[in-house]
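Enquirer: Right, I'll just put the structure down here and ask away after.
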Amino acid sequence: MAIPRFLVTFFPFILTAGATLCLLLILLAGTKEHNPLNRVFYMETDTSSISGAPDTTRWTLWNICGVSGGVSVDCGSNKPAYAFEPAKNFGTSSDIPYDFINHRKTYYYLSRFSYAFYFIATGFTGFGFITGVLGLCSRLGAALTSFWLFLGLLTSIVAAALSTALFVKARNTFNDDGMESHMGVKLFAFAWTAVACNFISSIGFMLACCSGRKKNRGLGDLSDEPVPMNEKPRRGFFRRTPKESYPEDAVDHESQEPVMHQTSTTNGNMYSTSVPSENVANDHTVPEESSYVFSDRHHESYR
C-alpha cells in the first residue's frame, strides 16, 4: 500500500518551519527588549572593569545590551552587521584585552561575515518553507523545496561555524584576562538546530521527489510468437483489460479475403492463429485437437 505523499513530506515540512523560526529568532535577537528576544544573545561578559561599559554586557547581531534580572536591557541602537570590536563598542581601549586590539580584523571579519550568512541562510530557508507547501502534494514542489533547503543548509553551516569560532575565541580571551564570560546557549542552540533541521528536511523532500509508484505501461508482448489464450493479458495503469472475444471483422486487410480463426491445443495451452478461409474450405480434414471459429459476418460465405 502506497503511503500518501502528504504524509511523507509533512515531517520535513515541520522541520523546515522550525529551522525558519530558529533563524528568525537569531536575526531579531536584541532588536526589541521583549521576551523572547531579550533572552537570546551571542555572549555575556563581566565588563565591570572597563570604564564606560555596563557591569555585564551582551553581544547580539545588532548591538550590545546591559543585563538586569537575567534579560537584556538598555540595548544600543540597532546597526546592521554590528561588528565585534570591544574597543570600538565601548569607546575606549583601556582595560580591553590586547588580543582584541592586536587581532582586530580577525574578530571584525568573522562577525561581519557571520551576520551576512545568517541573513542569506534565513532567506533560503524561508523560500524552502514557502515552496514546501507545494512540496506536500507535488514532485516539482518537493524538488524546489529540496533545492532551497540545500542552499539554506550550506549557508547556515557557514554562519553557525563562523559565529561559533568567533565567540569561542572571544570568550577564551576574556576569561584569560580575568573577565568572566560565557556564550549564549539559546542562540547557538538555535543556530545548530537550524542546521540539523535543514539537513533532514532537504533529504526528506529529495526522497519525496525521487520516490513514487512505478508506472506499468502495459505494452504487452510485441513479439511474433503466439500468446496462450488461457493467459490473461497484463493490465496497464490507464488501460482496461480487453475482453476475451474474437474480432468481429474477420477480414485480411491486405488481401480483403475472409479469414477465420483456428484454435489449437498444445501442452494444455490454447493458441489462436488466422487462416484464410479458402484454404480451409478446400481441405475438409480438420485436426483432432483443432477447431475453427468463424465470424458471424462471413459464416455464409464459408458454407
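Each chain of the C-alpha cells is named A, B, ... in the order shown, its residues numbered from 1; ligands are numbered from 1 in display order.
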Show me, as a ChimeraX atom specification, the residues that have an atom within 8 Å of A:Ile96 when counting only C-alpha atoms, minus same-chain residues fewer than 2 positions from it.
Expert: /A:50,86-87,92-94,98,100-101
Enquirer: Kindly assemble as a tab-separated table a list of the stretch 149-209 of chain A residues that lie within 6 Å of stretch 37-48 of chain A, each paired with its nearest atom pair and their distance in Å to one decimal, using only C-alpha atoms, sorted first by chain and then by ascending residue number.
Expert:
```
residue	atom	partner	partner_atom	distance
A:Met179	CA	A:Asp46	CA	5.7
A:Glu180	CA	A:Asp46	CA	5.4
A:Ser181	CA	A:Thr45	CA	4.2
A:His182	CA	A:Glu44	CA	5.6
A:Met183	CA	A:Met43	CA	4.2
A:Gly184	CA	A:Tyr42	CA	4.9
A:Lys186	CA	A:Val40	CA	5.9
A:Leu187	CA	A:Val40	CA	5.5
```
Enquirer: Any idea what the distance is between atom CA of A:Thr145 and atom CA of A:Ile157?
Expert: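 Interatomic distance, atom CA of A:Thr145 to atom CA of A:Ile157: 18.0 Å.
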Enquirer: Among stretch 9-229 of chain A, which ones does DSSP assign to alpha helix (DSSP H) (computed from the backbone)? Answer as a ChimeraX atom specification.
Expert: /A:9-28,86-90,98-102,104-135,139-176,185-210
Enquirer: Write out as a list in words the residues lying within 7 Å of stretch 120-135 of chain A, counting only C-alpha atoms and excluding same-chain residues fewer than 4 positions away.
Expert: Phe13, Thr16, Ala17, Thr20, Leu23, Leu24, Ala116, Arg139, Leu140, Gly141, Ala142, Leu144, Thr145, Trp148, Leu149, Leu151, Gly152, Thr155 and Ser156 of chain A
Enquirer: For a test of reading the model, state the distance in Å between atom CA of A:Lys169 and atom CA of A:Leu153, rounded to one decimal.
Expert: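 Here the two named atoms are 24.1 Å from each other.
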Enquirer: Which is closer to A:Val71 than all the others in A:His34, A:Phe84, A:Leu110, A:Asn89, using only C-alpha atoms?
Expert: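 Closest to A:Val71, using only C-alpha atoms: A:His34.
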Enquirer: Give me the residues near A:Gly66 as a PyMOL selection string, where near means some atom within 8 Å (using only C-alpha atoms) and where sequence neighbours in that chain fewer than 5 positions away do not count.
Expert: chain A and resi 54-58+72-75
Enquirer: Could you please determine the separation between atom CA of A:Thr193 and atom CA of A:Asp176 in Å, to one decimal place?
Expert: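 About the pair atom CA of A:Thr193 and atom CA of A:Asp176: they are 29.6 Å apart.
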Enquirer: Kindly indicate which residue among A:His103, A:Arg112, A:Arg171, A:Lys32 lies nearest to A:Pro80, using only C-alpha atoms for the distances.
Expert: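 Of A:His103, A:Arg112, A:Arg171, A:Lys32, the one nearest A:Pro80 is A:Arg112, counting only C-alpha atoms.
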Enquirer: Which residue out of A:Leu21, A:Val185, A:Val195, A:Ala143 has the minimum interatomic distance to A:Ala160 when only C-alpha atoms are used?
Expert: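 Residue with the minimum atom-to-atom distance to A:Ala160: A:Val195.
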Enquirer: Of the residues A:Ala194, A:Ser138, A:Thr31, A:Ala159, which is the one nearest to A:Met206, using only C-alpha atoms?
Expert: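 Checking each of A:Ala194, A:Ser138, A:Thr31, A:Ala159 against A:Met206, counting only C-alpha atoms, the winner is A:Ser138.
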